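Participant: Okay, so here is model.tsv, and as you'll see once you scroll down, it has TSV, N, CA and C atoms.
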```
chain	number	residue	atom	x	y	z
A	1284	MET	N	-59.75	-58.81	-39.57
A	1284	MET	CA	-60.70	-59.76	-40.05
A	1284	MET	C	-61.48	-60.32	-38.87
A	1285	THR	N	-62.26	-59.46	-38.25
A	1285	THR	CA	-63.01	-59.88	-37.07
A	1285	THR	C	-64.47	-60.16	-37.38
A	1286	GLU	N	-64.91	-59.77	-38.54
A	1286	GLU	CA	-66.33	-60.01	-38.83
A	1286	GLU	C	-66.57	-61.46	-39.18
A	1287	ARG	N	-67.81	-61.90	-38.93
A	1287	ARG	CA	-68.18	-63.30	-39.17
A	1287	ARG	C	-68.65	-63.48	-40.60
A	1288	LYS	N	-68.54	-64.69	-41.07
A	1288	LYS	CA	-69.01	-65.02	-42.41
A	1288	LYS	C	-70.53	-64.93	-42.41
A	1289	PRO	N	-71.09	-64.15	-43.33
A	1289	PRO	CA	-72.55	-64.05	-43.40
A	1289	PRO	C	-73.16	-65.36	-43.87
A	1290	PRO	N	-74.36	-65.69	-43.38
A	1290	PRO	CA	-75.00	-66.92	-43.84
A	1290	PRO	C	-75.37	-66.82	-45.32
A	1291	GLY	N	-75.35	-67.95	-45.98
A	1291	GLY	CA	-75.74	-67.98	-47.38
A	1291	GLY	C	-74.61	-67.74	-48.35
A	1292	ILE	N	-73.44	-67.39	-47.88
A	1292	ILE	CA	-72.27	-67.17	-48.74
A	1292	ILE	C	-71.28	-68.28	-48.45
A	1293	SER	N	-70.74	-68.88	-49.52
A	1293	SER	CA	-69.77	-69.94	-49.29
A	1293	SER	C	-68.52	-69.34	-48.65
A	1294	PHE	N	-67.84	-70.16	-47.90
A	1294	PHE	CA	-66.65	-69.68	-47.20
A	1294	PHE	C	-65.60	-69.17	-48.18
A	1295	GLU	N	-65.39	-69.89	-49.27
A	1295	GLU	CA	-64.36	-69.49	-50.22
A	1295	GLU	C	-64.67	-68.11	-50.79
A	1296	THR	N	-65.92	-67.87	-51.16
A	1296	THR	CA	-66.29	-66.57	-51.71
A	1296	THR	C	-66.08	-65.48	-50.67
A	1297	TRP	N	-66.48	-65.74	-49.45
A	1297	TRP	CA	-66.35	-64.75	-48.39
A	1297	TRP	C	-64.87	-64.46	-48.11
A	1298	ALA	N	-64.04	-65.49	-48.04
A	1298	ALA	CA	-62.61	-65.30	-47.79
A	1298	ALA	C	-61.95	-64.54	-48.95
A	1299	ASP	N	-62.33	-64.91	-50.19
A	1299	ASP	CA	-61.76	-64.21	-51.35
A	1299	ASP	C	-62.12	-62.73	-51.30
A	1300	ARG	N	-63.35	-62.43	-50.90
A	1300	ARG	CA	-63.79	-61.02	-50.82
A	1300	ARG	C	-62.98	-60.28	-49.75
A	1301	GLN	N	-62.74	-60.93	-48.61
A	1301	GLN	CA	-61.95	-60.31	-47.55
A	1301	GLN	C	-60.54	-59.99	-48.04
A	1302	ILE	N	-59.95	-60.92	-48.75
A	1302	ILE	CA	-58.59	-60.72	-49.26
A	1302	ILE	C	-58.58	-59.61	-50.30
A	1303	ARG	N	-59.54	-59.61	-51.20
A	1303	ARG	CA	-59.60	-58.59	-52.25
A	1303	ARG	C	-59.75	-57.20	-51.64
A	1304	GLU	N	-60.65	-57.07	-50.65
A	1304	GLU	CA	-60.86	-55.76	-50.02
A	1304	GLU	C	-59.62	-55.30	-49.26
A	1305	ALA	N	-58.94	-56.22	-48.60
A	1305	ALA	CA	-57.71	-55.85	-47.89
A	1305	ALA	C	-56.63	-55.42	-48.88
A	1306	ASP	N	-56.56	-56.09	-50.01
A	1306	ASP	CA	-55.60	-55.72	-51.05
A	1306	ASP	C	-55.91	-54.34	-51.60
A	1307	GLU	N	-57.20	-54.05	-51.80
A	1307	GLU	CA	-57.60	-52.73	-52.30
A	1307	GLU	C	-57.27	-51.63	-51.30
A	1308	ARG	N	-57.36	-51.94	-50.01
A	1308	ARG	CA	-57.01	-50.95	-48.97
A	1308	ARG	C	-55.50	-50.77	-48.86
A	1309	GLY	N	-54.73	-51.67	-49.47
A	1309	GLY	CA	-53.27	-51.57	-49.41
A	1309	GLY	C	-52.68	-52.30	-48.22
A	1310	ALA	N	-53.43	-53.19	-47.63
A	1310	ALA	CA	-52.95	-53.92	-46.45
A	1310	ALA	C	-51.75	-54.81	-46.77
A	1311	PHE	N	-51.59	-55.21	-48.01
A	1311	PHE	CA	-50.49	-56.09	-48.39
A	1311	PHE	C	-49.38	-55.36	-49.14
A	1312	ALA	N	-49.46	-54.05	-49.26
A	1312	ALA	CA	-48.55	-53.29	-50.11
A	1312	ALA	C	-47.09	-53.34	-49.65
A	1313	ASP	N	-46.86	-53.36	-48.34
A	1313	ASP	CA	-45.48	-53.26	-47.87
A	1313	ASP	C	-44.98	-54.56	-47.24
A	1314	LEU	N	-45.53	-55.68	-47.64
A	1314	LEU	CA	-45.07	-56.96	-47.11
A	1314	LEU	C	-43.70	-57.31	-47.67
A	1315	ARG	N	-42.87	-57.88	-46.79
A	1315	ARG	CA	-41.53	-58.29	-47.19
A	1315	ARG	C	-41.66	-59.40	-48.23
A	1316	GLY	N	-40.94	-59.31	-49.32
A	1316	GLY	CA	-40.95	-60.34	-50.35
A	1316	GLY	C	-42.06	-60.21	-51.36
A	1317	LYS	N	-42.82	-59.11	-51.31
A	1317	LYS	CA	-43.93	-58.94	-52.25
A	1317	LYS	C	-43.39	-58.92	-53.69
A	1318	GLY	N	-44.02	-59.70	-54.54
A	1318	GLY	CA	-43.63	-59.75	-55.94
A	1318	GLY	C	-42.45	-60.66	-56.23
A	1319	LYS	N	-41.93	-61.32	-55.20
A	1319	LYS	CA	-40.80	-62.22	-55.39
A	1319	LYS	C	-41.29	-63.66	-55.24
A	1320	PRO	N	-40.60	-64.60	-55.88
A	1320	PRO	CA	-41.02	-66.00	-55.72
A	1320	PRO	C	-40.81	-66.47	-54.28
A	1321	LEU	N	-41.58	-67.45	-53.87
A	1321	LEU	CA	-41.41	-68.00	-52.53
A	1321	LEU	C	-40.04	-68.66	-52.42
A	1322	PRO	N	-39.34	-68.41	-51.33
A	1322	PRO	CA	-38.00	-69.00	-51.18
A	1322	PRO	C	-38.08	-70.50	-50.92
A	1323	ASN	N	-37.04	-71.19	-51.29
A	1323	ASN	CA	-36.85	-72.62	-51.02
A	1323	ASN	C	-37.89	-73.53	-51.66
A	1324	LEU	N	-38.52	-73.09	-52.74
A	1324	LEU	CA	-39.48	-73.96	-53.40
A	1324	LEU	C	-38.82	-75.17	-54.04
A	1325	ASP	N	-37.54	-75.05	-54.35
A	1325	ASP	CA	-36.85	-76.15	-55.00
A	1325	ASP	C	-36.29	-77.18	-54.00
A	1326	LYS	N	-36.42	-76.89	-52.68
A	1326	LYS	CA	-35.92	-77.80	-51.66
A	1326	LYS	C	-37.04	-78.70	-51.16
A	1327	PRO	N	-36.68	-79.87	-50.64
A	1327	PRO	CA	-37.72	-80.76	-50.09
A	1327	PRO	C	-38.41	-80.10	-48.90
A	1328	TYR	N	-39.68	-80.46	-48.69
A	1328	TYR	CA	-40.45	-79.87	-47.60
A	1328	TYR	C	-39.89	-80.29	-46.25
A	1329	ASP	N	-39.84	-79.36	-45.33
A	1329	ASP	CA	-39.36	-79.61	-43.98
A	1329	ASP	C	-40.39	-79.05	-43.01
A	1330	ASP	N	-40.93	-79.90	-42.13
A	1330	ASP	CA	-41.95	-79.45	-41.18
A	1330	ASP	C	-41.45	-78.34	-40.27
A	1331	LEU	N	-40.17	-78.31	-40.00
A	1331	LEU	CA	-39.63	-77.31	-39.07
A	1331	LEU	C	-38.95	-76.15	-39.79
A	1332	TRP	N	-39.34	-75.86	-41.02
A	1332	TRP	CA	-38.70	-74.80	-41.79
A	1332	TRP	C	-38.76	-73.47	-41.06
A	1333	TRP	N	-39.89	-73.18	-40.42
A	1333	TRP	CA	-40.05	-71.87	-39.77
A	1333	TRP	C	-39.17	-71.77	-38.53
A	1334	VAL	N	-38.96	-72.88	-37.82
A	1334	VAL	CA	-38.09	-72.87	-36.65
A	1334	VAL	C	-36.65	-72.61	-37.09
A	1335	LYS	N	-36.24	-73.30	-38.15
A	1335	LYS	CA	-34.87	-73.13	-38.65
A	1335	LYS	C	-34.63	-71.72	-39.15
A	1336	GLU	N	-35.63	-71.15	-39.84
A	1336	GLU	CA	-35.48	-69.77	-40.33
A	1336	GLU	C	-35.39	-68.78	-39.18
A	1337	LYS	N	-36.22	-68.97	-38.16
A	1337	LYS	CA	-36.19	-68.06	-37.01
A	1337	LYS	C	-34.86	-68.16	-36.28
A	1338	MET	N	-34.36	-69.38	-36.11
A	1338	MET	CA	-33.07	-69.56	-35.44
A	1338	MET	C	-31.95	-68.92	-36.24
A	1339	ALA	N	-32.00	-69.05	-37.56
A	1339	ALA	CA	-30.98	-68.42	-38.40
A	1339	ALA	C	-31.09	-66.90	-38.34
A	1340	ARG	N	-32.32	-66.40	-38.38
A	1340	ARG	CA	-32.56	-64.96	-38.34
A	1340	ARG	C	-32.07	-64.36	-37.04
A	1341	GLU	N	-32.24	-65.08	-35.93
A	1341	GLU	CA	-31.86	-64.56	-34.61
A	1341	GLU	C	-30.50	-65.08	-34.16
A	1342	ASN	N	-29.80	-65.73	-35.08
A	1342	ASN	CA	-28.44	-66.22	-34.83
A	1342	ASN	C	-28.39	-67.13	-33.60
A	1343	LEU	N	-29.34	-68.07	-33.52
A	1343	LEU	CA	-29.41	-69.03	-32.43
A	1343	LEU	C	-28.95	-70.39	-32.92
A	1344	SER	N	-28.58	-71.23	-31.98
A	1344	SER	CA	-28.26	-72.61	-32.36
A	1344	SER	C	-28.75	-73.52	-31.24
A	1345	PHE	N	-29.03	-74.73	-31.61
A	1345	PHE	CA	-29.44	-75.71	-30.62
A	1345	PHE	C	-28.42	-76.84	-30.67
A	1346	LEU	N	-27.38	-76.65	-29.92
A	1346	LEU	CA	-26.31	-77.65	-29.85
A	1346	LEU	C	-26.16	-78.11	-28.41
A	1347	PRO	N	-25.69	-79.32	-28.20
A	1347	PRO	CA	-25.39	-79.75	-26.84
A	1347	PRO	C	-24.33	-78.82	-26.22
A	1348	PRO	N	-24.39	-78.62	-24.91
A	1348	PRO	CA	-23.44	-77.70	-24.26
A	1348	PRO	C	-21.98	-78.02	-24.54
A	1349	THR	N	-21.63	-79.29	-24.67
A	1349	THR	CA	-20.22	-79.61	-24.93
A	1349	THR	C	-19.79	-79.12	-26.31
A	1350	LEU	N	-20.68	-79.23	-27.29
A	1350	LEU	CA	-20.31	-78.74	-28.62
A	1350	LEU	C	-20.24	-77.22	-28.65
A	1351	VAL	N	-21.11	-76.57	-27.89
A	1351	VAL	CA	-21.06	-75.10	-27.80
A	1351	VAL	C	-19.72	-74.68	-27.18
A	1352	LEU	N	-19.29	-75.39	-26.16
A	1352	LEU	CA	-18.02	-75.05	-25.51
A	1352	LEU	C	-16.83	-75.32	-26.44
A	1353	ARG	N	-16.89	-76.41	-27.20
A	1353	ARG	CA	-15.82	-76.66	-28.19
A	1353	ARG	C	-15.73	-75.51	-29.19
A	1354	LYS	N	-16.88	-75.07	-29.67
A	1354	LYS	CA	-16.91	-73.95	-30.63
A	1354	LYS	C	-16.38	-72.68	-29.98
A	1355	GLU	N	-16.77	-72.46	-28.73
A	1355	GLU	CA	-16.29	-71.27	-28.03
A	1355	GLU	C	-14.76	-71.32	-27.86
A	1356	ALA	N	-14.22	-72.49	-27.57
A	1356	ALA	CA	-12.77	-72.64	-27.44
A	1356	ALA	C	-12.08	-72.38	-28.78
A	1357	GLU	N	-12.69	-72.88	-29.85
A	1357	GLU	CA	-12.14	-72.63	-31.20
A	1357	GLU	C	-12.17	-71.13	-31.52
A	1358	ASP	N	-13.27	-70.47	-31.19
A	1358	ASP	CA	-13.38	-69.03	-31.42
A	1358	ASP	C	-12.38	-68.26	-30.56
A	1359	ALA	N	-12.13	-68.75	-29.35
A	1359	ALA	CA	-11.16	-68.08	-28.48
A	1359	ALA	C	-9.77	-68.14	-29.08
A	1360	LEU	N	-9.41	-69.29	-29.63
A	1360	LEU	CA	-8.09	-69.39	-30.28
A	1360	LEU	C	-7.98	-68.45	-31.48
A	1361	ALA	N	-9.07	-68.31	-32.23
A	1361	ALA	CA	-9.06	-67.37	-33.36
A	1361	ALA	C	-8.93	-65.94	-32.86
A	1362	ALA	N	-9.59	-65.63	-31.72
A	1362	ALA	CA	-9.49	-64.28	-31.16
A	1362	ALA	C	-8.09	-64.00	-30.64
A	1363	VAL	N	-7.42	-65.02	-30.11
A	1363	VAL	CA	-6.05	-64.86	-29.62
A	1363	VAL	C	-5.13	-64.47	-30.78
A	1364	GLU	N	-5.36	-65.05	-31.96
A	1364	GLU	CA	-4.55	-64.72	-33.13
A	1364	GLU	C	-4.58	-63.22	-33.45
A	1365	LYS	N	-5.74	-62.61	-33.21
A	1365	LYS	CA	-5.93	-61.20	-33.57
A	1365	LYS	C	-5.82	-60.26	-32.37
A	1366	ALA	N	-5.50	-60.80	-31.20
A	1366	ALA	CA	-5.46	-60.00	-29.98
A	1366	ALA	C	-4.42	-58.89	-30.08
A	1367	PRO	N	-4.75	-57.70	-29.61
A	1367	PRO	CA	-3.82	-56.59	-29.71
A	1367	PRO	C	-2.74	-56.58	-28.63
A	1368	SER	N	-2.98	-57.31	-27.51
A	1368	SER	CA	-2.01	-57.25	-26.43
A	1368	SER	C	-1.96	-58.59	-25.69
A	1369	GLU	N	-0.88	-58.75	-24.93
A	1369	GLU	CA	-0.72	-59.96	-24.12
A	1369	GLU	C	-1.83	-60.06	-23.08
A	1370	ARG	N	-2.19	-58.95	-22.54
A	1370	ARG	CA	-3.26	-58.92	-21.53
A	1370	ARG	C	-4.57	-59.46	-22.11
A	1371	THR	N	-4.87	-59.06	-23.33
A	1371	THR	CA	-6.09	-59.53	-23.99
A	1371	THR	C	-6.03	-61.04	-24.22
A	1372	VAL	N	-4.86	-61.53	-24.63
A	1372	VAL	CA	-4.68	-62.98	-24.83
A	1372	VAL	C	-4.98	-63.71	-23.53
A	1373	ARG	N	-4.40	-63.23	-22.45
A	1373	ARG	CA	-4.61	-63.87	-21.14
A	1373	ARG	C	-6.08	-63.82	-20.72
A	1374	GLU	N	-6.76	-62.70	-20.95
A	1374	GLU	CA	-8.17	-62.58	-20.57
A	1374	GLU	C	-9.05	-63.54	-21.36
A	1375	ILE	N	-8.81	-63.60	-22.66
A	1375	ILE	CA	-9.61	-64.48	-23.53
A	1375	ILE	C	-9.47	-65.93	-23.08
A	1376	LEU	N	-8.22	-66.37	-22.89
A	1376	LEU	CA	-7.98	-67.77	-22.53
A	1376	LEU	C	-8.41	-68.08	-21.10
A	1377	ALA	N	-8.26	-67.13	-20.18
A	1377	ALA	CA	-8.68	-67.37	-18.80
A	1377	ALA	C	-10.20	-67.58	-18.74
A	1378	GLU	N	-10.92	-66.80	-19.52
A	1378	GLU	CA	-12.39	-66.93	-19.53
A	1378	GLU	C	-12.82	-68.30	-20.06
A	1379	VAL	N	-12.24	-68.72	-21.17
A	1379	VAL	CA	-12.63	-70.01	-21.74
A	1379	VAL	C	-12.11	-71.16	-20.87
A	1380	ASN	N	-10.95	-70.98	-20.23
A	1380	ASN	CA	-10.43	-72.02	-19.35
A	1380	ASN	C	-11.35	-72.25	-18.15
A	1381	ASP	N	-11.92	-71.17	-17.61
A	1381	ASP	CA	-12.87	-71.31	-16.50
A	1381	ASP	C	-14.06	-72.18	-16.92
A	1382	LYS	N	-14.56	-71.95	-18.12
A	1382	LYS	CA	-15.70	-72.72	-18.61
A	1382	LYS	C	-15.31	-74.18	-18.85
A	1383	ILE	N	-14.12	-74.40	-19.37
A	1383	ILE	CA	-13.65	-75.77	-19.61
A	1383	ILE	C	-13.49	-76.52	-18.29
A	1384	ARG	N	-12.88	-75.85	-17.30
A	1384	ARG	CA	-12.70	-76.50	-16.00
A	1384	ARG	C	-14.04	-76.86	-15.36
A	1385	GLU	N	-15.00	-75.97	-15.47
A	1385	GLU	CA	-16.33	-76.23	-14.93
A	1385	GLU	C	-16.98	-77.42	-15.65
A	1386	ALA	N	-16.81	-77.50	-16.96
A	1386	ALA	CA	-17.38	-78.61	-17.73
A	1386	ALA	C	-16.68	-79.93	-17.40
A	1387	ILE	N	-15.40	-79.88	-17.06
A	1387	ILE	CA	-14.69	-81.09	-16.66
A	1387	ILE	C	-15.16	-81.52	-15.27
A	1388	ARG	N	-15.34	-80.54	-14.39
A	1388	ARG	CA	-15.79	-80.83	-13.03
A	1388	ARG	C	-17.20	-81.42	-13.00
A	1389	ARG	N	-18.11	-80.80	-13.76
A	1389	ARG	CA	-19.50	-81.25	-13.86
A	1389	ARG	C	-19.84	-81.44	-15.32
A	1390	PRO	N	-19.61	-82.61	-15.86
A	1390	PRO	CA	-19.82	-82.82	-17.30
A	1390	PRO	C	-21.27	-82.54	-17.71
A	1391	PRO	N	-21.45	-81.69	-18.70
A	1391	PRO	CA	-22.80	-81.41	-19.20
A	1391	PRO	C	-23.27	-82.56	-20.09
A	1392	PRO	N	-24.57	-82.60	-20.38
A	1392	PRO	CA	-25.07	-83.65	-21.27
A	1392	PRO	C	-24.54	-83.47	-22.68
A	1393	GLY	N	-24.53	-84.56	-23.41
A	1393	GLY	CA	-24.08	-84.50	-24.80
A	1393	GLY	C	-22.82	-85.30	-25.00
A	1394	PRO	N	-22.19	-85.13	-26.14
A	1394	PRO	CA	-20.97	-85.88	-26.44
A	1394	PRO	C	-19.84	-85.46	-25.49
A	1395	PRO	N	-18.80	-86.27	-25.40
A	1395	PRO	CA	-17.68	-85.92	-24.51
A	1395	PRO	C	-17.05	-84.59	-24.92
A	1396	LEU	N	-16.56	-83.89	-23.93
A	1396	LEU	CA	-15.96	-82.57	-24.18
A	1396	LEU	C	-14.65	-82.67	-24.95
A	1397	ASN	N	-13.78	-83.57	-24.54
A	1397	ASN	CA	-12.47	-83.76	-25.20
A	1397	ASN	C	-11.67	-82.46	-25.29
A	1398	LEU	N	-11.73	-81.67	-24.24
A	1398	LEU	CA	-10.95	-80.43	-24.18
A	1398	LEU	C	-10.21	-80.38	-22.85
A	1399	ALA	N	-9.06	-79.79	-22.85
A	1399	ALA	CA	-8.32	-79.50	-21.62
A	1399	ALA	C	-8.09	-77.99	-21.59
A	1400	PRO	N	-7.96	-77.43	-20.40
A	1400	PRO	CA	-7.68	-75.98	-20.35
A	1400	PRO	C	-6.42	-75.64	-21.14
A	1401	PHE	N	-6.44	-74.47	-21.74
A	1401	PHE	CA	-5.29	-74.02	-22.53
A	1401	PHE	C	-4.14	-73.61	-21.61
A	1402	ASP	N	-2.91	-73.85	-22.05
A	1402	ASP	CA	-1.72	-73.37	-21.35
A	1402	ASP	C	-1.54	-71.91	-21.74
A	1403	ILE	N	-1.92	-71.04	-20.84
A	1403	ILE	CA	-1.93	-69.61	-21.15
A	1403	ILE	C	-0.52	-69.08	-21.43
A	1404	ASP	N	0.45	-69.52	-20.63
A	1404	ASP	CA	1.83	-69.05	-20.84
A	1404	ASP	C	2.36	-69.48	-22.21
A	1405	GLU	N	2.04	-70.71	-22.61
A	1405	GLU	CA	2.46	-71.20	-23.93
A	1405	GLU	C	1.77	-70.41	-25.04
A	1406	ALA	N	0.50	-70.11	-24.85
A	1406	ALA	CA	-0.24	-69.33	-25.85
A	1406	ALA	C	0.31	-67.92	-25.97
A	1407	VAL	N	0.69	-67.33	-24.84
A	1407	VAL	CA	1.28	-65.98	-24.86
A	1407	VAL	C	2.63	-66.01	-25.55
A	1408	ARG	N	3.43	-67.06	-25.28
A	1408	ARG	CA	4.74	-67.18	-25.95
A	1408	ARG	C	4.56	-67.29	-27.46
A	1409	ALA	N	3.61	-68.12	-27.90
A	1409	ALA	CA	3.35	-68.28	-29.34
A	1409	ALA	C	2.83	-66.97	-29.92
A	1410	TRP	N	2.00	-66.26	-29.17
A	1410	TRP	CA	1.47	-64.97	-29.64
A	1410	TRP	C	2.60	-63.96	-29.83
A	1411	ARG	N	3.52	-63.91	-28.85
A	1411	ARG	CA	4.67	-62.99	-28.95
A	1411	ARG	C	5.53	-63.31	-30.17
A	1412	GLU	N	5.82	-64.61	-30.36
A	1412	GLU	CA	6.64	-65.00	-31.51
A	1412	GLU	C	5.97	-64.60	-32.82
A	1413	ARG	N	4.69	-64.84	-32.92
A	1413	ARG	CA	3.96	-64.50	-34.14
A	1413	ARG	C	3.97	-62.98	-34.35
A	1414	ARG	N	3.76	-62.23	-33.28
A	1414	ARG	CA	3.78	-60.77	-33.38
A	1414	ARG	C	5.16	-60.27	-33.78
A	1415	ASP	N	6.21	-60.86	-33.20
A	1415	ASP	CA	7.57	-60.45	-33.54
A	1415	ASP	C	7.88	-60.75	-35.01
A	1416	ARG	N	7.45	-61.94	-35.49
A	1416	ARG	CA	7.67	-62.28	-36.91
A	1416	ARG	C	6.95	-61.29	-37.82
A	1417	GLU	N	5.71	-60.95	-37.46
A	1417	GLU	CA	4.93	-60.01	-38.30
A	1417	GLU	C	5.59	-58.63	-38.31
A	1418	GLN	N	6.09	-58.20	-37.15
A	1418	GLN	CA	6.75	-56.89	-37.09
A	1418	GLN	C	8.05	-56.91	-37.87
A	1419	ALA	N	8.78	-58.02	-37.84
A	1419	ALA	CA	10.04	-58.14	-38.60
A	1419	ALA	C	9.75	-58.14	-40.09
A	1420	ALA	N	8.64	-58.77	-40.50
A	1420	ALA	CA	8.28	-58.82	-41.89
A	1420	ALA	C	7.86	-57.44	-42.41
A	1421	GLU	N	7.27	-56.64	-41.54
A	1421	GLU	CA	6.84	-55.29	-41.94
A	1421	GLU	C	8.03	-54.34	-42.09
A	1422	SER	N	9.13	-54.60	-41.35
A	1422	SER	CA	10.28	-53.68	-41.40
A	1422	SER	C	11.12	-53.89	-42.62
```
Please express what this file holds, its structure, as C-alpha cells.

Facilitator:
Amino acid sequence: MTERKPPGISFETWADRQIREADERGAFADLRGKGKPLPNLDKPYDDLWWVKEKMARENLSFLPPTLVLRKEAEDALAAVEKAPSERTVREILAEVNDKIREAIRRPPPGPPLNLAPFDIDEAVRAWRERRDREQAAES
C-alpha cells in the first residue's frame, strides 16, 4: 500500500477500495485466525494486551530477579525428584546453590530472597531413600 490517495476521493472510500482489491488478490487468505471471532472480546480492555501476548508466546516473564531465583530453586527441587542419578542431583543443586550464594552476596533488586543454599548431602540422602522405596515397591 505505497500509492497515495488520489485527490477528490474521500479517504474512507480510497481505503475501502485498497482493502477490497487486496482481498480480491488473496492477500488476506492465509492470515492466522481468519474466519474466527476475535479472541478475548469478553475480557476488559488492557492497553498492554499485545505485550502480554508476545511474552506468553515467547515464554518470557518480567519478574524481579529474586522471584526468578525462587522459581528456579523450586524447579531445581522438582528436577531432583526425577533425577536419574546421584551425580545429576548434585549437579542440579550445585548450579542453583551458586546462584543463591551470589544473590546473598550481592542482593538483587526486588523482594527479599529468603533462600539459603540447599544441603546437597541431605538432598542426596533423601533422593536415595525415595529411590530405594520406589524400587522396593516395584519388587

Participant: What lies within 7 Å of Phe1401 in chain A using all atoms listed in the file, ignoring chain neighbours under 4 positions off, as an MDAnalysis selection string?

Facilitator: chainID A and resid 1376 1379:1380 1405:1406

Participant: Tell me which of A:Val1363, A:Ser1422, A:Lys1335, A:Arg1353 sits closest to Leu1398 in chain A, counting only N, CA and C atoms.

Facilitator: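 Closest to Leu1398 in chain A, using only N, CA and C atoms: A:Arg1353.
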
Participant: In the coordinates of the file, take the point (-18.0, -80.6, -26.3) and a cut-off of 7 Å; then, counting only C-alpha atoms, name each qualifying protein, DNA or RNA residue as number ranges by chain.

Facilitator: A: 1348-1353, 1394-1397

Participant: Can I get the selected residues back with N, CA and C atoms, as an mmCIF file, keeping the file's coordinate frame?

Facilitator:
```cif
data_model
loop_
_atom_site.group_PDB
_atom_site.id
_atom_site.type_symbol
_atom_site.label_atom_id
_atom_site.label_comp_id
_atom_site.auth_asym_id
_atom_site.auth_seq_id
_atom_site.Cartn_x
_atom_site.Cartn_y
_atom_site.Cartn_z
ATOM 1 N N PRO A 1348 -24.390 -78.620 -24.910
ATOM 2 C CA PRO A 1348 -23.440 -77.700 -24.260
ATOM 3 C C PRO A 1348 -21.980 -78.020 -24.540
ATOM 4 N N THR A 1349 -21.630 -79.290 -24.670
ATOM 5 C CA THR A 1349 -20.220 -79.610 -24.930
ATOM 6 C C THR A 1349 -19.790 -79.120 -26.310
ATOM 7 N N LEU A 1350 -20.680 -79.230 -27.290
ATOM 8 C CA LEU A 1350 -20.310 -78.740 -28.620
ATOM 9 C C LEU A 1350 -20.240 -77.220 -28.650
ATOM 10 N N VAL A 1351 -21.110 -76.570 -27.890
ATOM 11 C CA VAL A 1351 -21.060 -75.100 -27.800
ATOM 12 C C VAL A 1351 -19.720 -74.680 -27.180
ATOM 13 N N LEU A 1352 -19.290 -75.390 -26.160
ATOM 14 C CA LEU A 1352 -18.020 -75.050 -25.510
ATOM 15 C C LEU A 1352 -16.830 -75.320 -26.440
ATOM 16 N N ARG A 1353 -16.890 -76.410 -27.200
ATOM 17 C CA ARG A 1353 -15.820 -76.660 -28.190
ATOM 18 C C ARG A 1353 -15.730 -75.510 -29.190
ATOM 19 N N PRO A 1394 -22.190 -85.130 -26.140
ATOM 20 C CA PRO A 1394 -20.970 -85.880 -26.440
ATOM 21 C C PRO A 1394 -19.840 -85.460 -25.490
ATOM 22 N N PRO A 1395 -18.800 -86.270 -25.400
ATOM 23 C CA PRO A 1395 -17.680 -85.920 -24.510
ATOM 24 C C PRO A 1395 -17.050 -84.590 -24.920
ATOM 25 N N LEU A 1396 -16.560 -83.890 -23.930
ATOM 26 C CA LEU A 1396 -15.960 -82.570 -24.180
ATOM 27 C C LEU A 1396 -14.650 -82.670 -24.950
ATOM 28 N N ASN A 1397 -13.780 -83.570 -24.540
ATOM 29 C CA ASN A 1397 -12.470 -83.760 -25.200
ATOM 30 C C ASN A 1397 -11.670 -82.460 -25.290
#
```

Participant: Between CA of Ile1383 in chain A and CA of Pro1400 in chain A, measure the distance and give it in Å to one decimal.

Facilitator: 6.0 Å

Participant: Give me the box for range 1337-1347 of chain A as lines of an AutoDock Vina configuration file, namely the centre and edge lengths in Å to one decimal of a box along x, y and z that holds every listed atom plus 8 Å on each side.

Facilitator:
```
center_x = -30.3
center_y = -72.1
center_z = -32.3
size_x = 27.9
size_y = 31.4
size_z = 28.2
```

Participant: Smallest atom-to-atom distance to Asp1404 in chain A: which of A:Arg1300, A:Lys1317, A:Arg1373, A:Ala1386, using all atoms listed in the file?

Facilitator: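 Under the stated criterion, the closest residue is A:Arg1373.
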
Participant: CA of Trp1332 in chain A to CA of Ala1310 in chain A: how many Å, to one decimal?

Facilitator: 25.7 Å

Participant: Which of these residues is nearest to Val1372 in chain A, using all atoms listed in the file: A:Arg1308, A:Lys1337, A:Glu1286, A:Val1407?

Facilitator: A:Val1407

Participant: Could you list as a ChimeraX atom specification every residue that has an atom within 12 Å of (3.0, -63.1, -26.3), using the file's coordinates and counting only C-alpha atoms?

Facilitator: /A:1363-1373,1403-1416

Participant: What is the atom N of Ala1356 in chain A to atom C of Asp1381 in chain A distance in Å?

Facilitator: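 It comes out at 10.7 Å.
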